[in-house]
>>> print(open('model_18.cif').read())   # mmCIF, C-alpha atoms
data_protein
#
loop_
_atom_site.group_PDB
_atom_site.id
_atom_site.type_symbol
_atom_site.label_atom_id
_atom_site.label_comp_id
_atom_site.auth_asym_id
_atom_site.auth_seq_id
_atom_site.Cartn_x
_atom_site.Cartn_y
_atom_site.Cartn_z
ATOM 1 C CA MET A 1 222.680 -27.150 216.280
ATOM 2 C CA HIS A 2 222.257 -24.315 218.781
ATOM 3 C CA ALA A 3 223.853 -26.345 221.597
ATOM 4 C CA ARG A 4 226.787 -27.169 219.341
ATOM 5 C CA SER A 5 227.317 -23.452 218.665
ATOM 6 C CA ARG A 6 227.290 -22.666 222.385
ATOM 7 C CA LEU A 7 229.795 -25.476 222.991
ATOM 8 C CA HIS A 8 232.067 -24.063 220.277
ATOM 9 C CA ASP A 9 231.745 -20.551 221.763
ATOM 10 C CA ALA A 10 232.598 -21.890 225.227
ATOM 11 C CA ALA A 11 235.672 -23.677 223.855
ATOM 12 C CA GLN A 12 236.824 -20.539 222.017
ATOM 13 C CA ASN A 13 236.311 -18.469 225.170
ATOM 14 C CA ARG A 14 238.384 -20.968 227.163
ATOM 15 C CA ILE A 15 241.232 -20.689 224.643
ATOM 16 C CA GLN A 16 241.061 -16.881 224.805
ATOM 17 C CA MET A 17 241.155 -17.020 228.613
ATOM 18 C CA ASP A 18 244.134 -19.405 228.393
ATOM 19 C CA LEU A 19 245.941 -16.892 226.171
ATOM 20 C CA ILE A 20 245.275 -13.988 228.539
ATOM 21 C CA THR A 21 246.398 -16.146 231.485
ATOM 22 C CA ALA A 22 249.595 -17.214 229.686
ATOM 23 C CA LEU A 23 250.379 -13.593 228.866
ATOM 24 C CA ARG A 24 249.810 -12.481 232.457
ATOM 25 C CA LYS A 25 252.141 -15.253 233.663
ATOM 26 C CA HIS A 26 254.693 -14.228 231.011
ATOM 27 C CA ASP A 27 254.592 -17.819 229.708
ATOM 28 C CA LEU A 28 255.663 -17.128 226.136
ATOM 29 C CA ASP A 29 255.980 -20.838 225.319
ATOM 30 C CA GLU A 30 252.283 -21.294 226.126
ATOM 31 C CA VAL A 31 251.451 -18.167 224.096
ATOM 32 C CA ARG A 32 253.252 -19.713 221.092
ATOM 33 C CA ARG A 33 251.481 -23.045 221.611
ATOM 34 C CA LEU A 34 248.080 -21.345 221.714
ATOM 35 C CA HIS A 35 248.952 -19.322 218.617
ATOM 36 C CA ASN A 36 249.797 -22.573 216.819
ATOM 37 C CA ARG A 37 246.355 -23.870 217.856
ATOM 38 C CA GLY A 38 244.815 -20.911 216.033
ATOM 39 C CA VAL A 39 243.850 -18.624 218.900
ATOM 40 C CA ASP A 40 242.501 -15.279 217.669
ATOM 41 C CA PRO A 41 245.010 -12.504 218.552
ATOM 42 C CA ASN A 42 242.070 -10.062 218.558
ATOM 43 C CA GLY A 43 239.693 -12.345 220.434
ATOM 44 C CA ARG A 44 237.867 -11.214 223.512
ATOM 45 C CA ASP A 45 236.795 -13.500 226.277
ATOM 46 C CA LEU A 46 233.196 -13.515 227.472
ATOM 47 C CA GLN A 47 234.198 -12.156 230.895
ATOM 48 C CA LEU A 48 235.646 -9.045 229.195
ATOM 49 C CA VAL A 49 239.010 -9.509 230.857
ATOM 50 C CA GLY A 50 240.547 -7.739 227.893
ATOM 51 C CA VAL A 51 242.234 -8.332 224.592
ATOM 52 C CA PRO A 52 245.518 -10.249 224.335
ATOM 53 C CA LEU A 53 247.509 -7.261 223.068
ATOM 54 C CA ARG A 54 246.649 -5.282 226.184
ATOM 55 C CA ALA A 55 247.722 -8.180 228.409
ATOM 56 C CA ALA A 56 251.068 -8.362 226.582
ATOM 57 C CA ILE A 57 251.536 -4.623 227.048
ATOM 58 C CA ASN A 58 250.682 -4.881 230.747
ATOM 59 C CA ILE A 59 253.470 -7.394 231.338
ATOM 60 C CA GLY A 60 255.872 -5.190 229.379
ATOM 61 C CA SER A 61 256.857 -7.980 227.003
ATOM 62 C CA ILE A 62 258.101 -6.623 223.695
ATOM 63 C CA GLU A 63 258.401 -10.211 222.425
ATOM 64 C CA ALA A 64 254.753 -10.995 223.262
ATOM 65 C CA VAL A 65 253.506 -7.709 221.753
ATOM 66 C CA GLU A 66 255.469 -8.321 218.556
ATOM 67 C CA GLY A 67 254.295 -11.945 218.350
ATOM 68 C CA LEU A 68 250.668 -10.899 218.654
ATOM 69 C CA LEU A 69 251.086 -8.125 216.071
ATOM 70 C CA ARG A 70 252.733 -10.573 213.662
ATOM 71 C CA ALA A 71 249.808 -12.944 214.234
ATOM 72 C CA GLY A 72 247.390 -10.205 213.214
ATOM 73 C CA ALA A 73 246.544 -8.362 216.430
ATOM 74 C CA ASP A 74 244.990 -4.993 215.617
ATOM 75 C CA PRO A 75 246.714 -2.082 217.425
ATOM 76 C CA LEU A 76 243.553 0.004 216.878
ATOM 77 C CA LEU A 77 241.195 -2.523 218.490
ATOM 78 C CA ARG A 78 239.606 -1.116 221.616
ATOM 79 C CA ASP A 79 240.085 -3.041 224.810
ATOM 80 C CA PRO A 80 236.681 -3.292 226.518
ATOM 81 C CA THR A 81 238.267 -2.930 229.950
ATOM 82 C CA VAL A 82 239.623 0.567 229.235
ATOM 83 C CA ASP A 83 237.792 1.608 226.044
ATOM 84 C CA HIS A 84 241.007 2.705 224.331
ATOM 85 C CA PRO A 85 243.072 1.215 221.512
ATOM 86 C CA ALA A 86 246.362 -0.316 222.657
ATOM 87 C CA LEU A 87 248.486 2.567 221.403
ATOM 88 C CA THR A 88 246.426 5.133 223.307
ATOM 89 C CA ALA A 89 246.613 3.032 226.458
ATOM 90 C CA VAL A 90 250.415 2.789 226.172
ATOM 91 C CA VAL A 91 250.744 6.538 225.661
ATOM 92 C CA MET A 92 248.470 7.294 228.619
ATOM 93 C CA ARG A 93 250.409 4.905 230.887
ATOM 94 C CA ALA A 94 253.800 6.183 229.702
ATOM 95 C CA VAL A 95 252.873 9.832 230.253
ATOM 96 C CA GLU A 96 251.501 8.996 233.706
ATOM 97 C CA LEU A 97 254.793 7.285 234.632
ATOM 98 C CA HIS A 98 256.830 10.096 233.069
ATOM 99 C CA ARG A 99 254.961 12.627 235.227
ATOM 100 C CA GLN A 100 255.954 10.521 238.242
ATOM 101 C CA GLY A 101 259.600 10.828 237.233
ATOM 102 C CA ARG A 102 260.025 7.357 235.763
ATOM 103 C CA ALA A 103 261.818 6.424 232.549
ATOM 104 C CA VAL A 104 259.513 5.477 229.705
ATOM 105 C CA THR A 105 262.027 4.948 226.897
ATOM 106 C CA SER A 106 265.344 3.155 226.823
ATOM 107 C CA ASP A 107 267.145 6.434 226.046
ATOM 108 C CA ASP A 108 265.577 8.212 229.030
ATOM 109 C CA GLU A 109 268.209 9.285 231.540
ATOM 110 C CA ARG A 110 265.843 8.499 234.439
ATOM 111 C CA LEU A 111 266.035 4.718 234.170
ATOM 112 C CA ASP A 112 264.419 3.221 237.239
ATOM 113 C CA GLU A 113 265.088 -0.458 237.823
ATOM 114 C CA SER A 114 262.535 -0.670 240.634
ATOM 115 C CA ASP A 115 259.571 0.007 238.314
ATOM 116 C CA ASP A 116 257.493 -3.097 238.878
ATOM 117 C CA ASP A 117 254.037 -1.735 239.603
ATOM 118 C CA LEU A 118 252.170 -3.595 236.859
ATOM 119 C CA ASP A 119 250.972 -7.199 236.914
ATOM 120 C CA ASN A 120 254.027 -9.000 235.652
ATOM 121 C CA GLY A 121 254.419 -12.006 237.886
ATOM 122 C CA GLY A 122 257.184 -10.322 239.888
ATOM 123 C CA ARG A 123 259.532 -10.065 236.932
ATOM 124 C CA GLY A 124 260.652 -6.490 237.603
ATOM 125 C CA TRP A 125 258.715 -4.824 234.789
ATOM 126 C CA ASP A 126 260.681 -1.954 233.339
ATOM 127 C CA SER A 127 258.702 1.080 232.181
ATOM 128 C CA SER A 128 261.526 2.013 229.813
ATOM 129 C CA HIS A 129 260.104 -0.579 227.401
ATOM 130 C CA LEU A 130 257.011 1.541 226.809
ATOM 131 C CA GLY A 131 258.782 3.597 224.130
ATOM 132 C CA ASP A 132 259.783 0.387 222.312
ATOM 133 C CA ILE A 133 256.254 -0.979 222.585
ATOM 134 C CA LEU A 134 254.852 2.320 221.319
ATOM 135 C CA GLU A 135 257.212 2.235 218.333
ATOM 136 C CA LEU A 136 256.179 -1.360 217.613
ATOM 137 C CA LEU A 137 252.455 -0.550 217.770
ATOM 138 C CA ALA A 138 252.950 2.441 215.451
ATOM 139 C CA SER A 139 254.970 0.329 213.000
ATOM 140 C CA TYR A 140 251.982 -2.034 212.740
ATOM 141 C CA GLY A 141 249.522 0.746 211.991
ATOM 142 C CA GLY A 142 248.715 2.157 215.421
ATOM 143 C CA HIS A 143 247.898 5.834 215.107
ATOM 144 C CA ALA A 144 247.690 8.445 217.859
ATOM 145 C CA GLY A 145 244.953 10.447 216.201
ATOM 146 C CA GLN A 146 242.832 7.747 214.613
ATOM 147 C CA PRO A 147 239.812 6.352 216.452
ATOM 148 C CA SER A 148 239.121 2.649 215.982
ATOM 149 C CA LYS A 149 235.389 3.362 216.118
ATOM 150 C CA PRO A 150 234.064 6.380 214.215
ATOM 151 C CA ASP A 151 231.239 6.916 216.697
ATOM 152 C CA VAL A 152 233.475 7.072 219.798
ATOM 153 C CA GLU A 153 236.314 9.555 220.239
ATOM 154 C CA PRO A 154 239.490 8.083 221.774
ATOM 155 C CA ALA A 155 241.567 9.883 224.336
ATOM 156 C CA ASN A 156 243.759 12.399 222.561
ATOM 157 C CA ALA A 157 246.990 10.431 222.481
ATOM 158 C CA TRP A 158 248.603 13.004 220.187
ATOM 159 C CA ALA A 159 248.401 15.742 222.825
ATOM 160 C CA LEU A 160 249.918 13.380 225.405
ATOM 161 C CA LEU A 161 252.738 12.360 223.072
ATOM 162 C CA ARG A 162 253.768 15.976 222.779
ATOM 163 C CA GLU A 163 254.503 16.040 226.536
ATOM 164 C CA VAL A 164 257.321 13.500 226.259
ATOM 165 C CA PRO A 165 259.714 14.130 223.346
ATOM 166 C CA ALA A 166 261.293 10.656 223.640
ATOM 167 C CA LEU A 167 257.848 9.075 223.223
ATOM 168 C CA MET A 168 257.123 11.289 220.226
ATOM 169 C CA ARG A 169 260.402 10.143 218.640
ATOM 170 C CA ALA A 170 259.503 6.479 219.219
ATOM 171 C CA TYR A 171 256.022 7.022 217.783
ATOM 172 C CA ARG A 172 257.338 8.865 214.712
ATOM 173 C CA LYS A 173 259.980 6.192 214.097
ATOM 174 C CA GLY A 174 257.293 3.486 214.176
ATOM 175 C CA ARG A 175 254.961 5.482 211.899
ATOM 176 C CA ALA A 176 257.823 6.108 209.439
ATOM 177 C CA SER A 177 258.442 2.364 209.290
ATOM 178 C CA TYR A 178 254.736 1.718 208.694
ATOM 179 C CA GLU A 179 254.518 4.403 205.976
ATOM 180 C CA SER A 180 257.623 2.960 204.285
ATOM 181 C CA VAL A 181 256.029 -0.491 204.136
ATOM 182 C CA LEU A 182 252.838 0.999 202.683
ATOM 183 C CA ALA A 183 254.863 2.856 200.023
ATOM 184 C CA ASP A 184 256.711 -0.370 199.127
ATOM 185 C CA VAL A 185 253.418 -2.248 198.799
ATOM 186 C CA ASP A 186 251.961 0.514 196.620
ATOM 187 C CA ALA A 187 255.061 0.454 194.391
ATOM 188 C CA MET A 188 254.832 -3.342 194.014
ATOM 189 C CA LEU A 189 251.128 -3.117 193.153
ATOM 190 C CA ASP A 190 251.799 -0.359 190.625
ATOM 191 C CA GLU A 191 254.561 -2.418 189.067
ATOM 192 C CA ALA A 192 252.315 -5.486 188.905
ATOM 193 C CA ARG A 193 249.664 -3.421 187.129
ATOM 194 C CA GLY A 194 252.244 -2.033 184.715
ATOM 195 C CA ILE A 195 251.891 1.543 186.011
ATOM 196 C CA GLY A 196 255.482 1.866 187.129
ATOM 197 C CA LYS A 197 256.969 0.929 183.729
ATOM 198 C CA ALA A 198 258.417 3.717 181.639
#
>>> encode(input="model_18.cif", output="structure tokens")
Amino acid sequence: MHARSRLHDAAQNRIQMDLITALRKHDLDEVRRLHNRGVDPNGRDLQLVGVPLRAAINIGSIEAVEGLLRAGADPLLRDPTVDHPALTAVVMRAVELHRQGRAVTSDDERLDESDDDLDNGGRGWDSSHLGDILELLASYGGHAGQPSKPDVEPANAWALLREVPALMRAYRKGRASYESVLADVDAMLDEARGIGKA
């Protein structure tokens, strides 16, 4: 029984590694195929290469980030390689690039088409997608001031957001979307319980 468990763990780790590899290669067809096989969007591989959401962020793929979030990826899950939730990591990276004079949102006047310094398989990664990714993470519950582990303080993403108004707008837009969904769910639950009837 113990050997069978180790075999299962090894197979799950292989699938997680395949997902991380597909994300790094920007092979979204393979990402979809692995998702259909039931790969855990929050799974970590045994080599601690990272979590899938972080890999999707690193390639700058809004489509991959959204697909993982829709599949249940947790934007507050800490990546063991950086010890930050995904949203905090995006904010830290965006502020770093902003300080270097690069565009970090699509409405930033400093759009820089040569921004390809992250591992993206040579696809000309554009830092201006970071604002869109930040908005997406916030719309799925990512929060700049909420630690994913109560015993470990995250980097203060809120203070960093304040440095870049365009990032703050993207974050607030995503949070407003998330809060709206929560309010709709609460209203439906109240109605189902008969609380909302006059």
>>> resolve_selection(input="model_18.cif", expression="the PyMOL selection byres ((chain A and resi 66) around 10)", output="JSON list (two decimals) with C-alpha atoms, in the frame of the given file")
[["chain", "number", "residue", "atom", "x", "y", "z"],
["A", 53, "LEU", "CA", 247.51, -7.26, 223.07],
["A", 56, "ALA", "CA", 251.07, -8.36, 226.58],
["A", 61, "SER", "CA", 256.86, -7.98, 227.00],
["A", 62, "ILE", "CA", 258.10, -6.62, 223.70],
["A", 63, "GLU", "CA", 258.40, -10.21, 222.42],
["A", 64, "ALA", "CA", 254.75, -11.00, 223.26],
["A", 65, "VAL", "CA", 253.51, -7.71, 221.75],
["A", 67, "GLY", "CA", 254.30, -11.94, 218.35],
["A", 68, "LEU", "CA", 250.67, -10.90, 218.65],
["A", 69, "LEU", "CA", 251.09, -8.12, 216.07],
["A", 70, "ARG", "CA", 252.73, -10.57, 213.66],
["A", 71, "ALA", "CA", 249.81, -12.94, 214.23],
["A", 72, "GLY", "CA", 247.39, -10.20, 213.21],
["A", 73, "ALA", "CA", 246.54, -8.36, 216.43],
["A", 133, "ILE", "CA", 256.25, -0.98, 222.58],
["A", 136, "LEU", "CA", 256.18, -1.36, 217.61],
["A", 137, "LEU", "CA", 252.46, -0.55, 217.77],
["A", 140, "TYR", "CA", 251.98, -2.03, 212.74]]
>>> closest_residue(input="model_18.cif", among="A:Leu130, A:Ala176, A:Met17, A:Leu189", to="Arg102 of chain A", atoms="all atoms listed in the file")
A:Leu130
>>> atom_distance(input="model_18.cif", atom1="atom CA of Val39 of chain A", atom2="atom CA of Leu77 of chain A")
16.3 Å
>>> atom_distance(input="model_18.cif", atom1="atom CA of Asp132 of chain A", atom2="atom CA of Ala103 of chain A")
12.1 Å
>>> resolve_selection(input="model_18.cif", expression="the PyMOL selection byres ((chain A and resi 165) around 12)", output="MDAnalysis selection string")
chainID A and resid 91 94:95 98 104:105 107:108 131 158:164 166:172
>>> atom_distance(input="model_18.cif", atom1="atom CA of Leu134 of chain A", atom2="atom CA of Gly174 of chain A")
7.6 Å
>>> closest_residue(input="model_18.cif", among="A:Ala157, A:Leu34, A:Met188, A:Ala138", to="Arg93 of chain A", atoms="all atoms listed in the file")
A:Ala157
>>> closest_residue(input="model_18.cif", among="A:Gly194, A:Gly141, A:Pro52, A:Gly43", to="Glu179 of chain A", atoms="all atoms listed in the file")
A:Gly141
>>> closest_residue(input="model_18.cif", among="A:Val82, A:Ala89, A:Leu19, A:Ala183", to="His143 of chain A", atoms="all atoms listed in the file")
A:Ala89
>>> closest_residue(input="model_18.cif", among="A:Arg14, A:Arg54, A:Lys25, A:Arg175", to="Gly142 of chain A", atoms="all atoms listed in the file")
A:Arg175
>>> closest_residue(input="model_18.cif", among="A:Asn36, A:Val51, A:Asp83, A:Gly60", to="Thr21 of chain A", atoms="only C-alpha atoms")
A:Val51
